[in-house]
Each structure stands twice: as C-alpha cells, then as structure tokens.
>>> print(open('data_10.cif').read())   # mmCIF, C-alpha atoms
data_run
#
loop_
_atom_site.label_atom_id
_atom_site.label_comp_id
_atom_site.auth_asym_id
_atom_site.auth_seq_id
_atom_site.Cartn_x
_atom_site.Cartn_y
_atom_site.Cartn_z
CA MET A 1 102.60 -4.06 56.02
CA ARG A 2 103.84 -0.86 54.37
CA ALA A 3 103.88 -2.69 51.05
CA ILE A 4 100.26 -3.70 51.53
CA ALA A 5 99.26 -0.15 52.41
CA ALA A 6 101.03 1.07 49.28
CA LEU A 7 99.20 -1.57 47.25
CA VAL A 8 95.85 -0.48 48.66
CA ALA A 9 96.67 3.12 47.81
CA LEU A 10 97.58 2.08 44.30
CA LEU A 11 94.52 -0.05 43.69
CA ALA A 12 91.83 1.91 45.49
CA PRO A 13 89.65 4.09 43.31
CA PHE A 14 90.17 7.75 43.97
CA PRO A 15 88.47 10.95 42.95
CA ALA A 16 90.69 13.54 41.37
CA LEU A 17 90.58 16.36 38.90
CA ALA A 18 91.12 14.90 35.47
CA ALA A 19 94.18 16.20 33.67
CA GLY A 20 93.17 18.34 30.72
CA GLU A 21 94.64 18.01 27.25
CA ARG A 22 94.52 20.70 24.60
CA VAL A 23 92.57 19.50 21.56
CA SER A 24 90.87 20.68 18.40
CA ILE A 25 87.70 18.73 17.61
CA GLN A 26 85.71 18.79 14.39
CA GLY A 27 82.19 17.48 14.49
CA GLU A 28 78.49 18.13 14.94
CA VAL A 29 76.82 19.60 18.02
CA ILE A 30 74.33 16.93 19.04
CA ASP A 31 71.69 16.08 21.62
CA THR A 32 73.40 13.36 23.64
CA TRP A 33 70.34 11.65 25.12
CA CYS A 34 68.73 10.87 21.79
CA TYR A 35 72.09 9.73 20.44
CA TYR A 36 72.96 7.47 23.37
CA SER A 37 69.51 6.10 24.19
CA GLY A 38 68.20 5.28 20.74
CA VAL A 39 64.83 6.55 21.89
CA MET A 40 64.26 8.30 18.55
CA GLY A 41 66.01 5.80 16.30
CA GLY A 42 69.51 4.86 15.22
CA PRO A 43 72.52 7.16 15.55
CA ASP A 44 72.42 8.33 11.93
CA ALA A 45 68.81 9.48 12.32
CA VAL A 46 69.34 11.69 15.37
CA VAL A 47 71.83 14.09 13.85
CA GLY A 48 71.70 16.80 11.21
CA THR A 49 68.68 18.49 9.70
CA ALA A 50 66.30 15.56 10.35
CA HIS A 51 66.76 15.98 14.07
CA HIS A 52 67.37 19.72 14.29
CA THR A 53 64.08 20.68 15.95
CA CYS A 54 64.42 17.86 18.46
CA ALA A 55 67.99 18.97 19.15
CA LEU A 56 66.63 22.46 19.93
CA TRP A 57 64.01 21.03 22.26
CA CYS A 58 66.53 18.86 24.10
CA SER A 59 69.13 21.62 24.42
CA ALA A 60 66.54 24.08 25.70
CA GLY A 61 65.23 21.32 27.97
CA GLY A 62 68.59 21.00 29.67
CA ILE A 63 69.73 17.72 28.17
CA PRO A 64 73.52 17.71 27.81
CA VAL A 65 74.95 18.77 24.48
CA GLY A 66 77.90 17.02 22.94
CA ILE A 67 80.11 17.24 19.90
CA LEU A 68 79.98 14.08 17.80
CA GLY A 69 83.51 14.22 16.45
CA ASP A 70 84.51 13.16 12.99
CA ASP A 71 86.43 10.44 14.87
CA GLY A 72 83.12 8.95 16.08
CA GLN A 73 83.68 9.98 19.69
CA VAL A 74 81.22 12.06 21.69
CA TYR A 75 82.66 15.01 23.61
CA MET A 76 80.30 16.23 26.31
CA VAL A 77 80.32 20.03 26.34
CA LEU A 78 80.79 21.70 29.74
CA LYS A 79 81.45 25.29 28.69
CA ILE A 80 81.64 27.26 25.44
CA GLU A 81 83.65 30.44 25.04
CA GLY A 82 83.17 31.42 28.68
CA ASP A 83 79.47 30.47 28.85
CA ASP A 84 79.06 27.80 31.51
CA GLY A 85 75.40 27.30 30.62
CA SER A 86 75.71 23.62 29.82
CA ALA A 87 72.12 23.06 31.00
CA SER A 88 69.87 24.97 28.59
CA GLY A 89 72.36 27.74 27.87
CA ASP A 90 72.00 30.20 24.99
CA THR A 91 75.37 29.54 23.32
CA GLN A 92 74.90 25.81 22.96
CA LEU A 93 71.29 26.29 21.83
CA ARG A 94 72.41 28.50 18.93
CA LEU A 95 74.86 25.80 17.83
CA ALA A 96 72.38 22.90 17.72
CA SER A 97 73.14 20.60 14.76
CA HIS A 98 75.97 22.84 13.55
CA GLN A 99 79.19 21.45 12.16
CA VAL A 100 81.92 23.05 14.24
CA THR A 101 85.59 23.21 14.90
CA ALA A 102 86.06 23.49 18.65
CA ASP A 103 89.37 24.26 20.29
CA GLY A 104 89.64 23.67 24.00
CA MET A 105 90.59 21.38 26.82
CA LEU A 106 89.67 17.70 26.89
CA TYR A 107 88.99 15.82 30.11
CA GLU A 108 88.26 12.12 30.45
CA ARG A 109 86.75 10.25 33.36
CA ASP A 110 84.99 6.92 33.80
CA GLY A 111 84.54 6.25 30.12
CA LEU A 112 83.27 9.64 28.97
CA LYS A 113 85.06 12.50 27.26
CA TYR A 114 84.33 16.11 28.22
CA ILE A 115 85.38 19.34 26.56
CA VAL A 116 85.68 22.92 27.75
CA VAL A 117 85.48 24.84 24.48
CA GLU A 118 87.59 27.98 24.37
CA LYS A 119 86.93 28.86 20.74
CA VAL A 120 84.32 27.57 18.34
CA VAL A 121 83.90 28.19 14.62
CA SER A 122 80.68 27.04 13.00
CA ASP A 123 80.23 26.01 9.38
CA GLY A 124 76.46 25.98 9.88
CA ILE A 125 74.28 22.91 9.44
CA THR A 126 75.80 20.72 6.74
CA ASN A 127 74.40 17.24 7.48
CA LEU A 128 71.25 17.04 5.32
CA SER A 129 69.93 13.95 7.07
CA HIS A 130 66.30 14.85 6.30
CA GLU A 131 66.97 13.67 2.75
CA ASP A 132 67.23 10.13 4.17
CA TYR A 133 65.12 10.25 7.32
CA ASP A 134 62.63 13.10 6.82
CA VAL A 135 62.05 14.51 10.31
CA ILE A 136 62.81 12.78 13.63
CA PRO A 137 60.48 12.66 15.51
CA PRO A 138 57.81 13.04 12.81
CA PHE A 139 55.74 15.45 14.91
CA ALA A 140 58.63 17.93 15.05
CA ILE A 141 56.96 19.76 12.19
CA PRO A 142 53.41 20.39 13.43
CA LYS A 143 50.45 19.82 11.19
CA PRO A 144 48.91 22.98 9.80
CA LYS A 145 45.89 24.01 11.88
CA ASN A 146 43.45 24.57 9.01
CA MET B 147 99.54 -14.18 51.43
CA THR B 148 98.44 -14.69 47.83
CA ARG B 149 94.84 -15.22 48.88
CA PHE B 150 95.00 -12.13 51.00
CA LEU B 151 96.30 -10.05 48.11
CA ILE B 152 93.62 -11.39 45.77
CA ALA B 153 90.93 -10.49 48.30
CA LEU B 154 92.52 -7.09 48.73
CA MET B 155 92.53 -6.47 44.98
CA ALA B 156 88.90 -7.50 44.71
CA PHE B 157 88.01 -5.06 47.46
CA ALA B 158 89.97 -2.21 45.95
CA ALA B 159 89.06 -2.74 42.31
CA PRO B 160 86.73 -0.23 40.69
CA ALA B 161 83.09 -1.17 41.04
CA ALA B 162 82.22 -0.32 37.44
CA ALA B 163 81.30 -3.90 36.76
CA GLN B 164 79.08 -4.09 39.83
CA ASP B 165 75.38 -4.67 39.48
CA PHE B 166 73.47 -1.72 40.92
CA SER B 167 70.02 -3.08 40.05
CA GLU B 168 69.41 -4.60 43.48
CA GLY B 169 66.76 -2.63 45.33
CA SER B 170 65.82 -0.57 42.27
CA THR B 171 62.18 0.05 41.49
CA ALA B 172 62.93 2.03 38.34
CA ARG B 173 60.36 1.90 35.55
CA THR B 174 61.58 0.63 32.22
CA TRP B 175 61.73 2.92 29.19
CA ASN B 176 62.39 -0.09 26.97
CA LEU B 177 65.70 1.39 25.86
CA PHE B 178 68.21 -0.91 24.19
CA ALA B 179 70.98 -0.44 26.74
CA GLU B 180 69.06 0.41 29.91
CA LYS B 181 69.62 -1.26 33.25
CA PRO B 182 67.97 -0.36 36.57
CA ALA B 183 70.42 1.36 38.89
CA PHE B 184 69.90 2.33 42.52
CA PHE B 185 72.88 3.75 44.34
CA GLU B 186 74.27 6.26 46.83
CA ALA B 187 76.14 9.27 45.48
CA ARG B 188 77.15 12.86 46.03
CA VAL B 189 75.60 15.54 43.79
CA VAL B 190 78.34 17.59 42.12
CA ASP B 191 78.79 20.35 39.56
CA MET B 192 80.27 18.54 36.55
CA LEU B 193 82.51 21.41 35.46
CA CYS B 194 83.81 21.85 39.00
CA GLU B 195 84.35 18.14 39.54
CA LEU B 196 86.30 17.70 36.33
CA THR B 197 88.25 20.93 36.00
CA GLY B 198 88.16 22.78 39.33
CA ASP B 199 86.13 25.62 37.77
CA CYS B 200 83.49 25.89 40.49
CA ALA B 201 80.47 28.10 41.04
CA ASP B 202 78.19 28.85 43.98
CA ASN B 203 75.33 26.38 44.42
CA CYS B 204 76.54 24.18 41.55
CA GLY B 205 75.91 27.02 39.09
CA ASP B 206 72.32 27.74 40.20
CA GLY B 207 70.86 25.62 37.40
CA ARG B 208 73.09 26.82 34.56
CA ARG B 209 75.42 23.85 34.73
CA GLN B 210 75.08 20.11 34.31
CA LEU B 211 75.19 18.20 37.57
CA GLY B 212 76.72 14.80 38.18
CA LEU B 213 76.66 11.98 40.69
CA VAL B 214 79.86 10.68 42.26
CA ARG B 215 78.85 7.15 43.18
CA ALA B 216 79.84 6.16 46.71
CA ALA B 217 80.66 2.56 45.88
CA ASP B 218 83.44 3.32 43.40
CA ASN B 219 83.81 7.10 43.00
CA ALA B 220 82.64 6.78 39.39
CA LEU B 221 81.31 10.02 37.94
CA ILE B 222 77.81 9.30 36.65
CA PHE B 223 76.29 11.77 34.16
CA PRO B 224 72.51 12.14 34.56
CA ASN B 225 71.37 13.15 31.08
CA LYS B 226 67.65 12.80 31.63
CA ASN B 227 64.91 13.29 34.17
CA SER B 228 61.85 11.05 34.36
CA GLN B 229 59.56 13.08 32.09
CA PRO B 230 59.11 12.02 28.45
CA ALA B 231 59.33 15.65 27.42
CA PHE B 232 62.87 16.42 26.11
CA THR B 233 63.97 17.42 29.62
CA GLY B 234 67.25 17.05 31.46
CA ALA B 235 68.19 16.20 35.02
CA ALA B 236 70.04 19.26 36.34
CA VAL B 237 66.85 20.97 37.54
CA GLU B 238 65.94 17.85 39.50
CA LEU B 239 69.34 17.51 41.16
CA LEU B 240 69.98 21.18 41.95
CA PRO B 241 68.14 21.15 45.32
CA PHE B 242 70.57 18.41 46.37
CA CYS B 243 73.79 20.21 45.33
CA GLY B 244 76.69 18.95 47.45
CA GLN B 245 74.50 16.49 49.32
CA ASP B 246 74.83 12.76 49.72
CA VAL B 247 71.76 11.17 48.17
CA GLU B 248 70.27 7.95 46.96
CA VAL B 249 68.99 7.83 43.41
CA ASP B 250 66.99 5.35 41.41
CA GLY B 251 66.71 5.20 37.66
CA LEU B 252 68.13 3.66 34.50
CA MET B 253 71.79 3.38 33.53
CA LEU B 254 72.81 3.25 29.88
CA ASP B 255 75.84 1.25 28.89
CA ASP B 256 76.28 0.96 25.14
CA PRO B 257 79.91 0.51 24.15
CA ASP B 258 79.10 0.77 20.45
CA LEU B 259 77.98 4.38 20.94
CA GLY B 260 80.41 5.21 23.74
CA ALA B 261 77.59 5.50 26.30
CA ARG B 262 79.15 4.90 29.71
CA ASN B 263 77.68 5.95 33.03
CA ILE B 264 74.81 7.80 31.33
CA TYR B 265 71.84 7.96 33.68
CA LEU B 266 68.12 8.64 33.59
CA VAL B 267 67.16 9.68 37.12
CA GLN B 268 63.64 8.86 38.26
CA LYS B 269 63.77 9.69 41.97
CA ILE B 270 66.13 11.19 44.52
CA ARG B 271 66.30 11.34 48.30
CA THR B 272 68.75 12.75 50.78
CA LEU B 273 70.76 9.97 52.35
CA GLY B 274 68.94 8.84 55.48
CA SER B 275 65.58 10.19 54.38
CA SER B 276 62.67 7.88 53.70
CA GLU B 277 60.94 10.37 51.39
CA TRP B 278 61.68 10.13 47.69
CA VAL B 279 61.44 13.16 45.44
CA LYS B 280 60.29 12.32 41.93
CA ALA B 281 62.54 13.69 39.20
CA ASN B 282 59.69 15.24 37.28
CA ARG B 283 59.76 18.90 38.31
CA TRP B 284 61.23 20.27 35.09
CA THR B 285 58.02 21.28 33.34
CA LYS B 286 56.64 22.97 36.46
CA GLU B 287 59.87 24.93 36.83
CA TRP B 288 59.70 25.92 33.17
CA ALA B 289 56.09 27.09 33.55
CA ALA B 290 56.99 29.15 36.61
CA ASN B 291 59.86 30.77 34.72
CA HIS B 292 57.83 31.44 31.55
CA PRO B 293 54.48 32.89 32.62
CA GLN B 294 54.28 34.76 29.31
CA ALA B 295 54.29 31.42 27.46
CA LYS B 296 51.24 30.06 29.24
CA GLY B 297 48.90 28.18 26.94
CA LYS B 298 47.88 24.85 25.50
CA GLY B 299 50.28 22.24 24.27
CA PRO B 300 53.63 20.98 25.51
CA TRP B 301 56.33 23.37 26.68
CA PHE B 302 58.55 22.80 23.66
CA ARG B 303 55.90 24.21 21.33
CA ARG B 304 55.65 27.36 23.48
CA ASP B 305 59.25 27.98 24.51
CA PRO B 306 60.17 31.52 23.39
CA ARG B 307 63.80 30.77 22.55
CA VAL B 308 62.96 27.65 20.54
CA ALA B 309 60.12 29.44 18.77
CA ALA B 310 62.41 32.31 17.81
CA MET B 311 65.03 29.97 16.41
CA ILE B 312 62.50 28.00 14.38
CA ALA B 313 60.99 31.23 13.07
CA GLU B 314 64.41 32.29 11.83
CA ASP B 315 66.15 29.06 10.90
CA GLY B 316 63.24 26.72 10.26
CA TYR B 317 62.55 23.21 11.49
CA LEU B 318 65.55 21.78 9.66
CA GLY B 319 67.83 24.66 10.57
CA LEU B 320 68.43 25.59 6.94
CA GLY B 321 66.52 28.87 7.02
CA ALA B 322 62.77 29.35 7.20
CA GLU B 323 62.53 30.58 3.61
CA GLU B 324 64.89 27.98 2.21
CA GLU B 325 62.89 25.08 3.60
CA ALA B 326 59.39 26.53 3.11
CA ASP B 327 58.51 24.17 0.24
CA TYR B 328 59.67 21.12 2.18
CA VAL B 329 57.65 22.09 5.26
CA ARG B 330 54.54 22.82 3.17
CA GLU B 331 54.71 19.42 1.50
CA TYR B 332 55.68 17.52 4.64
CA HIS B 333 52.13 16.76 5.83
CA GLU B 334 50.56 16.53 2.37
#
>>> encode(input="data_10.cif", output="structure tokens")
Amino acid sequence: MRAIAALVALLAPFPALAAGERVSIQGEVIDTWCYYSGVMGGPDAVVGTAHHTCALWCSAGGIPVGILGDDGQVYMVLKIEGDDGSASGDTQLRLASHQVTADGMLYERDGLKYIVVEKVVSDGITNLSHEDYDVIPPFAIPKPKN
Amino acid sequence: MTRFLIALMAFAAPAAAQDFSEGSTARTWNLFAEKPAFFEARVVDMLCELTGDCADNCGDGRRQLGLVRAADNALIFPNKNSQPAFTGAAVELLPFCGQDVEVDGLMLDDPDLGARNIYLVQKIRTLGSSEWVKANRWTKEWAANHPQAKGKGPWFRRDPRVAAMIAEDGYLGLGAEEEADYVREYHE
C-alpha cells in the first residue's frame, strides 16, 4: 500500500514554484496575442515595424508582452528591471518592437516560458518588416482627415 | 494489480489532453488554433505563482493574472478579454483575485508557434454562482481612468501614452521625421 501511495504522489500533478534558471535572451519584444492567435496574419507579419503601432495598442491594452527569441521561442515577460507592470506597464510599452538583449531568470510551466528581466539593453527597432508587409493592421496609420 | 495500476495512472496523469469544450458556450473568433474551453480554476498573480514574488490584491491591475485549472493544476495564461479592441484579460480577472471561479472562452493550442494554454476569456463567475460576468469591462475601465481623453473614436486612438509615443517615434517606430514620407504616401 505504501508503494501505491508513493506512486500516486509521483504521478499526481502538483502545483509548485518553477525553478528559475539564469539566462540571456536576444530577441524582439512582441505582442503575444497577435503572434499566437494569427488574428492579424502570419507570424512574420506581426513583428517589427509593420506591426509597431498594433504592438503599442496591445501593450497599452494589457495584452501580455513577450520576447520572441532568436531561437524562435517566446518568453513571456513578467517583470522588467524591477517594474512588475506586465499588464500595460510603462517599461514594456517603451520597448515595443525593440530588439533587445535581456538578462534574467527563466521559468517554465505547462508548455510556456516566462522571464523576469533583470537587465535589458535595447538596440532599437531593427526589423523593417513594413518593407514586406506595409502596416498590420492597415488602419494602424489613420487616413488624413482632409 | 496491473489493471489497478493502469487505472491509477490514468487518474493521476495530467489532464492537459482533456477536452474542456463540454458545457462551453464560447463564441468563435475563427482563429486557427482555437477550441472552446469551460473549466474551474483559481485566479492567481502570474509572477507570484511562478516565482514567489507576490503583491497585495494580485498587483492591483499592474500584473498579468493566470488561472490554475482545478482539473490538472495547469497554469493557463489568459492573454485576451472578449473585446475585439486590443485589450487584455487582467482587468477582467482582477475582481476575482484568489477566488475559485468558472471561466468560459477559447483556448489556443498551436505547437508550431509554441502557443500552449493561451486563453481568451469571455465570461467569469465565482464558483457556485449562477451569474456570469462578461469579460468586456476593459474599455469602460479605461474611460473611467482617462477622463481627459474623452472623445470620438476607439480608445487606442485617444490613449495619451500611445499618442505620445507615436508623436515621437512614428507609426513604424523609426522616428516621426524619418518615416514622414512613408506615412504621407501610405494612403495615396
């Protein structure tokens, strides 16, 4: 019976703090909903300059921000340099679409990767995706009123 | 004994592969990887749940909130509320911080993009309550917090922070002056 109890303990799902791992991630600060959902188009269209205004809207609107790493993985941002404003915070808003190097702690749970960024260095916006996609969504640049 | 152990393993195995669509009345958004998902969960502060860095009242709206699903303890990340307006879910979940709730909405599962347990929440109710709360309060909250931005048009055209950033950095983020020619020709 003890063996069975031990087996149950081993197999049963359990909540626990994920163990953090120190990492340095290079990638672009993205709007995760547009990237994951495809609501605005394919993954190459919802990054960079083409999607910058939409990325601002989504970040200000409280949609989670992530770093699309050069390794193709998305790292959901929980905190940046002490700012825990992961829902519409100022720090993440200023970094929308920027290419960054982010040092911090990585956590993984249930198929997603999360990062608490301790230090971030931005190289600015370097992905000139508007050259291929114009602007996504097209109404991001409003028509002149006259 | 073998049968017993197999049954035991089935009971104890993570419920990630379970179908949570039963009982859902979620509206489709016609997204590639969407699936209706109705389940019981506890509303948590994501940063606290993952790292132990906790704040009063789940961060009072500053932080992203999550759902720890009762069936399998999976941490679900609600990225989106039910409004088609570039709006997240934390505002909708904040009144339920720390509570056991039922939620209905759409789950995204797209392995090609790494989308796992990404959720669009459409309605929420405290466990045991019969009254649903629609997850569409974001724009009203924004309007209440930005009385100076009152006017016509959607919130994202009037948001002071977004407007300031576009004024400085432009629509492409390259600098308003640098992209002036592109913007001028865009609608021509």
>>> closest_residue(input="data_10.cif", among="B:Ala179, B:Ala172, B:Ala216, B:Cys204", to="chain A", atoms="all atoms listed in the file")
B:Ala179
>>> interface_residues(input="data_10.cif", of="chain B", to="chain A", cutoff="8 Å", atoms="only C-alpha atoms", output="PyMOL selection string")
chain B and resi 154-155+158-160+177-179+192-193+195-198+207-210+218-221+225-226+232-236+254+256+259-263+302+307-308+311-312+317-320+329+332-333
>>> resolve_selection(input="data_10.cif", expression="the PyMOL selection byres ((chain B and resi 247) around 10)", output="list in words")
Phe185, Glu186, Ala187, Arg188, Val189, Leu213, Arg215, Ala216, Leu239, Phe242, Cys243, Gly244, Gln245, Asp246, Glu248, Val249, Ile270, Arg271, Thr272, Leu273, Gly274 and Ser275 of chain B
>>> atom_distance(input="data_10.cif", atom1="atom CA of B:Ala313", atom2="atom CA of B:Lys296")
18.9 Å
>>> atom_distance(input="data_10.cif", atom1="atom CA of B:Glu325", atom2="atom CA of A:Glu131")
12.1 Å
>>> atom_distance(input="data_10.cif", atom1="atom CA of B:Ala231", atom2="atom CA of A:Asp70")
29.1 Å
>>> build_atoms(input="data_10.cif", residues="stretch 67-81 of chain A", atoms="N, CA, C and O atoms", output="compact mmCIF listing (two decimals), in the frame of the given file")
# COMPACT_ATOMS: atom_id res chain seq x y z
N ILE A 67 79.60 17.13 21.27
CA ILE A 67 80.11 17.24 19.90
C ILE A 67 80.41 15.82 19.43
O ILE A 67 81.23 15.13 20.04
N LEU A 68 79.69 15.38 18.40
CA LEU A 68 79.98 14.08 17.80
C LEU A 68 81.12 14.30 16.81
O LEU A 68 80.93 14.84 15.73
N GLY A 69 82.31 13.93 17.24
CA GLY A 69 83.51 14.22 16.45
C GLY A 69 83.56 13.40 15.18
O GLY A 69 82.94 12.33 15.07
N ASP A 70 84.30 13.91 14.23
CA ASP A 70 84.51 13.16 12.99
C ASP A 70 85.20 11.82 13.27
O ASP A 70 85.20 10.92 12.42
N ASP A 71 85.80 11.69 14.46
CA ASP A 71 86.43 10.44 14.87
C ASP A 71 85.43 9.46 15.48
O ASP A 71 85.81 8.38 15.94
N GLY A 72 84.14 9.84 15.53
CA GLY A 72 83.12 8.95 16.08
C GLY A 72 82.94 9.03 17.58
O GLY A 72 82.05 8.39 18.14
N GLN A 73 83.77 9.82 18.23
CA GLN A 73 83.68 9.98 19.69
C GLN A 73 82.73 11.12 20.05
O GLN A 73 82.63 12.10 19.30
N VAL A 74 82.06 10.98 21.19
CA VAL A 74 81.22 12.06 21.69
C VAL A 74 81.98 12.81 22.78
O VAL A 74 82.52 12.20 23.70
N TYR A 75 82.00 14.13 22.63
CA TYR A 75 82.66 15.01 23.61
C TYR A 75 81.58 15.83 24.29
O TYR A 75 80.96 16.70 23.67
N MET A 76 81.35 15.54 25.57
CA MET A 76 80.30 16.23 26.31
C MET A 76 80.76 17.67 26.60
O MET A 76 81.84 17.88 27.16
N VAL A 77 79.93 18.63 26.23
CA VAL A 77 80.32 20.03 26.34
C VAL A 77 79.97 20.59 27.72
O VAL A 77 78.81 20.54 28.15
N LEU A 78 80.98 21.13 28.39
CA LEU A 78 80.79 21.70 29.74
C LEU A 78 80.76 23.22 29.74
O LEU A 78 80.22 23.84 30.66
N LYS A 79 81.34 23.83 28.72
CA LYS A 79 81.45 25.29 28.69
C LYS A 79 81.84 25.68 27.27
O LYS A 79 82.62 24.96 26.63
N ILE A 80 81.28 26.79 26.79
CA ILE A 80 81.64 27.26 25.44
C ILE A 80 81.98 28.73 25.50
O ILE A 80 81.13 29.56 25.84
N GLU A 81 83.19 29.05 25.14
CA GLU A 81 83.65 30.44 25.04
C GLU A 81 83.22 31.26 26.26
O GLU A 81 82.66 32.35 26.14
